[in-house]
$ cat coords-v4.tsv   # TSV, C-alpha atoms
chain	number	residue	atom	x	y	z
J	1067	MET	CA	0.00	0.00	0.00
J	1068	HIS	CA	1.30	3.42	-0.89
J	1069	LEU	CA	1.47	5.80	2.04
J	1070	ALA	CA	0.97	8.86	-0.14
J	1071	TYR	CA	-2.74	8.28	-0.85
J	1072	PRO	CA	-4.03	8.24	2.74
J	1073	ALA	CA	-1.54	10.95	3.73
J	1074	VAL	CA	-2.78	13.30	1.01
J	1075	LEU	CA	-6.40	12.52	1.87
J	1076	ALA	CA	-5.71	13.16	5.56
J	1077	ALA	CA	-3.98	16.45	4.73
J	1078	LEU	CA	-6.99	17.54	2.66
J	1079	LEU	CA	-9.39	16.56	5.45
J	1080	PHE	CA	-7.30	18.38	8.03
J	1081	ALA	CA	-7.06	21.51	5.87
J	1082	THR	CA	-10.82	21.48	5.32
J	1083	GLY	CA	-11.38	21.14	9.06
J	1084	LEU	CA	-8.92	23.92	9.83
J	1085	TYR	CA	-10.69	26.20	7.36
J	1086	GLY	CA	-14.00	25.35	9.01
J	1087	VAL	CA	-12.67	26.20	12.46
J	1088	LEU	CA	-11.17	29.51	11.35
J	1089	ALA	CA	-13.91	30.71	8.99
J	1090	ARG	CA	-17.19	29.54	10.53
J	1091	ARG	CA	-19.24	31.50	13.00
J	1092	ASN	CA	-21.70	28.80	14.04
J	1093	ALA	CA	-20.53	26.79	17.06
J	1094	ILE	CA	-21.97	23.51	15.77
J	1095	LEU	CA	-20.12	23.86	12.46
J	1096	VAL	CA	-16.91	24.57	14.39
J	1097	LEU	CA	-17.42	21.35	16.38
J	1098	MET	CA	-18.00	19.44	13.14
J	1099	SER	CA	-14.78	20.89	11.73
J	1100	VAL	CA	-12.86	19.78	14.82
J	1101	GLU	CA	-14.26	16.28	14.30
J	1102	LEU	CA	-13.07	16.38	10.69
J	1103	MET	CA	-9.57	17.26	11.87
J	1104	LEU	CA	-9.62	14.42	14.40
J	1105	ASN	CA	-10.69	11.99	11.68
J	1106	ALA	CA	-7.76	13.13	9.55
J	1107	VAL	CA	-5.45	12.33	12.45
J	1108	ASN	CA	-7.11	8.91	12.83
J	1109	LEU	CA	-6.57	8.20	9.15
J	1110	ASN	CA	-2.87	9.05	9.49
J	1111	LEU	CA	-2.51	6.87	12.58
J	1112	VAL	CA	-4.01	3.84	10.87
J	1113	ALA	CA	-2.13	4.42	7.61
J	1114	PHE	CA	1.24	4.66	9.36
J	1115	ASP	CA	0.38	1.64	11.49
J	1116	VAL	CA	-0.26	-0.44	8.36
J	1117	TRP	CA	2.75	0.99	6.55
J	1118	LEU	CA	5.16	0.26	9.41
J	1119	ARG	CA	3.61	-3.19	10.02
J	1120	ASP	CA	3.66	-2.60	13.75
J	1121	THR	CA	3.11	-5.85	15.65
J	1122	LEU	CA	1.58	-4.04	18.62
J	1123	HIS	CA	-0.83	-2.06	16.41
J	1124	ALA	CA	-0.14	1.08	18.40
J	1125	GLY	CA	-1.63	3.30	15.68
J	1126	GLN	CA	-4.94	1.48	15.85
J	1127	ALA	CA	-4.95	1.61	19.64
J	1128	LEU	CA	-4.32	5.36	19.56
J	1129	THR	CA	-7.09	5.68	16.99
J	1130	LEU	CA	-9.56	4.00	19.34
J	1131	PHE	CA	-8.44	6.33	22.13
J	1132	THR	CA	-8.90	9.35	19.83
J	1133	ILE	CA	-12.39	8.16	18.83
J	1134	ALA	CA	-13.37	7.86	22.50
J	1135	ILE	CA	-12.04	11.35	23.27
J	1136	ALA	CA	-13.83	12.77	20.22
J	1137	ALA	CA	-17.13	11.21	21.28
J	1138	ALA	CA	-16.80	12.73	24.75
J	1139	GLU	CA	-15.84	16.09	23.26
J	1140	ILE	CA	-18.85	16.12	20.97
J	1141	GLY	CA	-21.21	15.15	23.77
J	1142	ILE	CA	-19.99	17.86	26.12
J	1143	GLY	CA	-19.57	20.41	23.34
J	1144	LEU	CA	-23.10	19.96	22.03
J	1145	ALA	CA	-24.51	20.18	25.54
J	1146	ILE	CA	-22.67	23.47	26.10
J	1147	VAL	CA	-23.78	24.85	22.72
J	1148	LEU	CA	-27.42	23.91	23.39
J	1149	MET	CA	-27.38	25.56	26.82
J	1150	VAL	CA	-25.79	28.70	25.40
J	1151	TYR	CA	-28.37	28.76	22.62
J	1152	ARG	CA	-31.20	28.44	25.14
J	1153	ASN	CA	-29.81	31.23	27.32
J	1154	ARG	CA	-28.59	33.64	24.64
J	1155	GLY	CA	-30.76	32.78	21.63
J	1156	THR	CA	-27.81	32.41	19.26
J	1157	SER	CA	-24.92	30.08	18.59
J	1158	ASP	CA	-22.90	32.70	16.72
J	1159	ILE	CA	-19.38	32.64	18.13
J	1160	ASP	CA	-18.73	36.35	17.60
J	1161	LYS	CA	-21.79	37.29	19.65
J	1162	LEU	CA	-20.71	35.00	22.49
J	1163	ARG	CA	-17.36	36.62	23.17
J	1164	ASP	CA	-18.66	38.45	26.21
J	1165	THR	CA	-18.99	35.12	28.01
J	1166	ALA	CA	-15.20	34.70	27.94
J	1167	GLU	CA	-14.22	38.33	28.38
J	1168	GLY	CA	-15.23	40.15	31.52
J	1169	HIS	CA	-17.04	43.45	31.22
J	1170	GLU	CA	-14.98	46.40	32.36
J	1171	PRO	CA	-16.82	48.83	34.61
J	1172	ALA	CA	-17.83	52.02	32.87
J	1173	ARG	CA	-15.53	54.90	33.68
J	1174	PRO	CA	-16.83	58.45	33.59
J	1175	ASP	CA	-15.51	60.68	30.85
J	1176	ASP	CA	-13.11	63.42	31.73
J	1177	ASN	CA	-15.47	65.93	30.10
J	1178	THR	CA	-18.41	65.20	32.38
J	1179	ALA	CA	-19.08	67.44	35.32
J	1180	ARG	CA	-17.78	66.12	38.60
J	1181	PRO	CA	-19.50	66.80	41.88
J	1182	GLU	CA	-17.68	69.32	43.95
J	1183	VAL	CA	-16.09	68.03	47.09
J	1184	ALA	CA	-16.66	70.21	50.14
J	1185	ALA	CA	-13.40	71.03	51.76
$ encode --input "coords-v4.tsv" --output "structure tokens"
Amino acid sequence: MHLAYPAVLAALLFATGLYGVLARRNAILVLMSVELMLNAVNLNLVAFDVWLRDTLHAGQALTLFTIAIAAAEIGIGLAIVLMVYRNRGTSDIDKLRDTAEGHEPARPDDNTARPEVAA
């Protein structure tokens, strides 16, 4: 088996997933793009495992571990996205930035009148 075919396919899948993470605004589409990137990694792990003819099948074992982590990530990620959508009414990532960044207290302008302090 030629290693170039699965490696090129995995690179294309990873690049598509990376584009989806960087360009999308919807949180569910970002999670799907992360899954696409993880599947590209899984494809590389299995391809290199077959190419190296590893007797321990470490690539396949790591692939199963990655699939389990991805399933947990999707379950928790979708739960978070659904709760945010219920509370905020949107799953747009740009509109959700205030959840990560704290609001700074409003400071009065220097041009506004200040109350006089009795001395």
$ residues_around --input "coords-v4.tsv" --residues "Ile1159 of chain J" --least-positions-apart "3" --cutoff "9 Å" --atoms "only C-alpha atoms" --output "list in words"
Arg1090, Arg1091, Asn1092, Ala1093, Thr1156, Leu1162 and Arg1163 of chain J
$ write_last_selection --input "coords-v4.tsv" --atoms "C-alpha atoms" --output "compact mmCIF listing (two decimals), in the frame of the given file"
# COMPACT_ATOMS: atom_id res chain seq x y z
CA ARG J 1090 -17.19 29.54 10.53
CA ARG J 1091 -19.24 31.50 13.00
CA ASN J 1092 -21.70 28.80 14.04
CA ALA J 1093 -20.53 26.79 17.06
CA THR J 1156 -27.81 32.41 19.26
CA LEU J 1162 -20.71 35.00 22.49
CA ARG J 1163 -17.36 36.62 23.17
$ closest_residue --input "coords-v4.tsv" --among "J:Ala1073, J:Ile1140, J:Trp1117, J:Val1100" --to "Leu1088 of chain J" --atoms "all atoms listed in the file"
J:Val1100
$ residues_around --input "coords-v4.tsv" --residues "segment 1083-1087 of chain J" --least-positions-apart "4" --cutoff "7 Å" --atoms "all atoms listed in the file" --output "CSV table (one decimal) with C-alpha atoms, keeping the file's coordinate frame"
chain,number,residue,atom,x,y,z
J,1079,LEU,CA,-9.4,16.6,5.4
J,1096,VAL,CA,-16.9,24.6,14.4
J,1099,SER,CA,-14.8,20.9,11.7
J,1100,VAL,CA,-12.9,19.8,14.8
J,1102,LEU,CA,-13.1,16.4,10.7
J,1103,MET,CA,-9.6,17.3,11.9
$ closest_residue --input "coords-v4.tsv" --among "J:Pro1072, J:Gly1143, J:Gly1125, J:Gly1155" --to "Ile1094 of chain J" --atoms "all atoms listed in the file"
J:Gly1143
$ closest_residue --input "coords-v4.tsv" --among "J:Gln1126, J:Ile1142, J:Ala1081, J:Ala1137" --to "Asn1110 of chain J" --atoms "all atoms listed in the file"
J:Gln1126
$ atom_distance --input "coords-v4.tsv" --atom1 "atom CA of Phe1080 of chain J" --atom2 "atom CA of Val1150 of chain J"
27.4 Å
$ axis_aligned_box --input "coords-v4.tsv" --around "segment 1127-1140 of chain J" --padding-each-side "4 Å" --output "JSON"
{"center_x": -11.6, "center_y": 8.9, "center_z": 20.9, "size_x": 22.5, "size_y": 22.5, "size_z": 15.8}
$ closest_residue --input "coords-v4.tsv" --among "J:Ala1077, J:Leu1118, J:Leu1095, J:Ala1124" --to "Asp1158 of chain J" --atoms "only C-alpha atoms"
J:Leu1095
$ atom_distance --input "coords-v4.tsv" --atom1 "atom CA of Leu1097 of chain J" --atom2 "atom CA of Glu1139 of chain J"
8.8 Å
$ residues_near_point --input "coords-v4.tsv" --point "(-10.9, 11.5, 22.0)" --cutoff "12 Å" --atoms "only C-alpha atoms" --output "ChimeraX atom specification"
/J:1100-1101,1103-1105,1107-1108,1127-1142
$ atom_distance --input "coords-v4.tsv" --atom1 "atom CA of Leu1144 of chain J" --atom2 "atom CA of Leu1078 of chain J"
25.3 Å
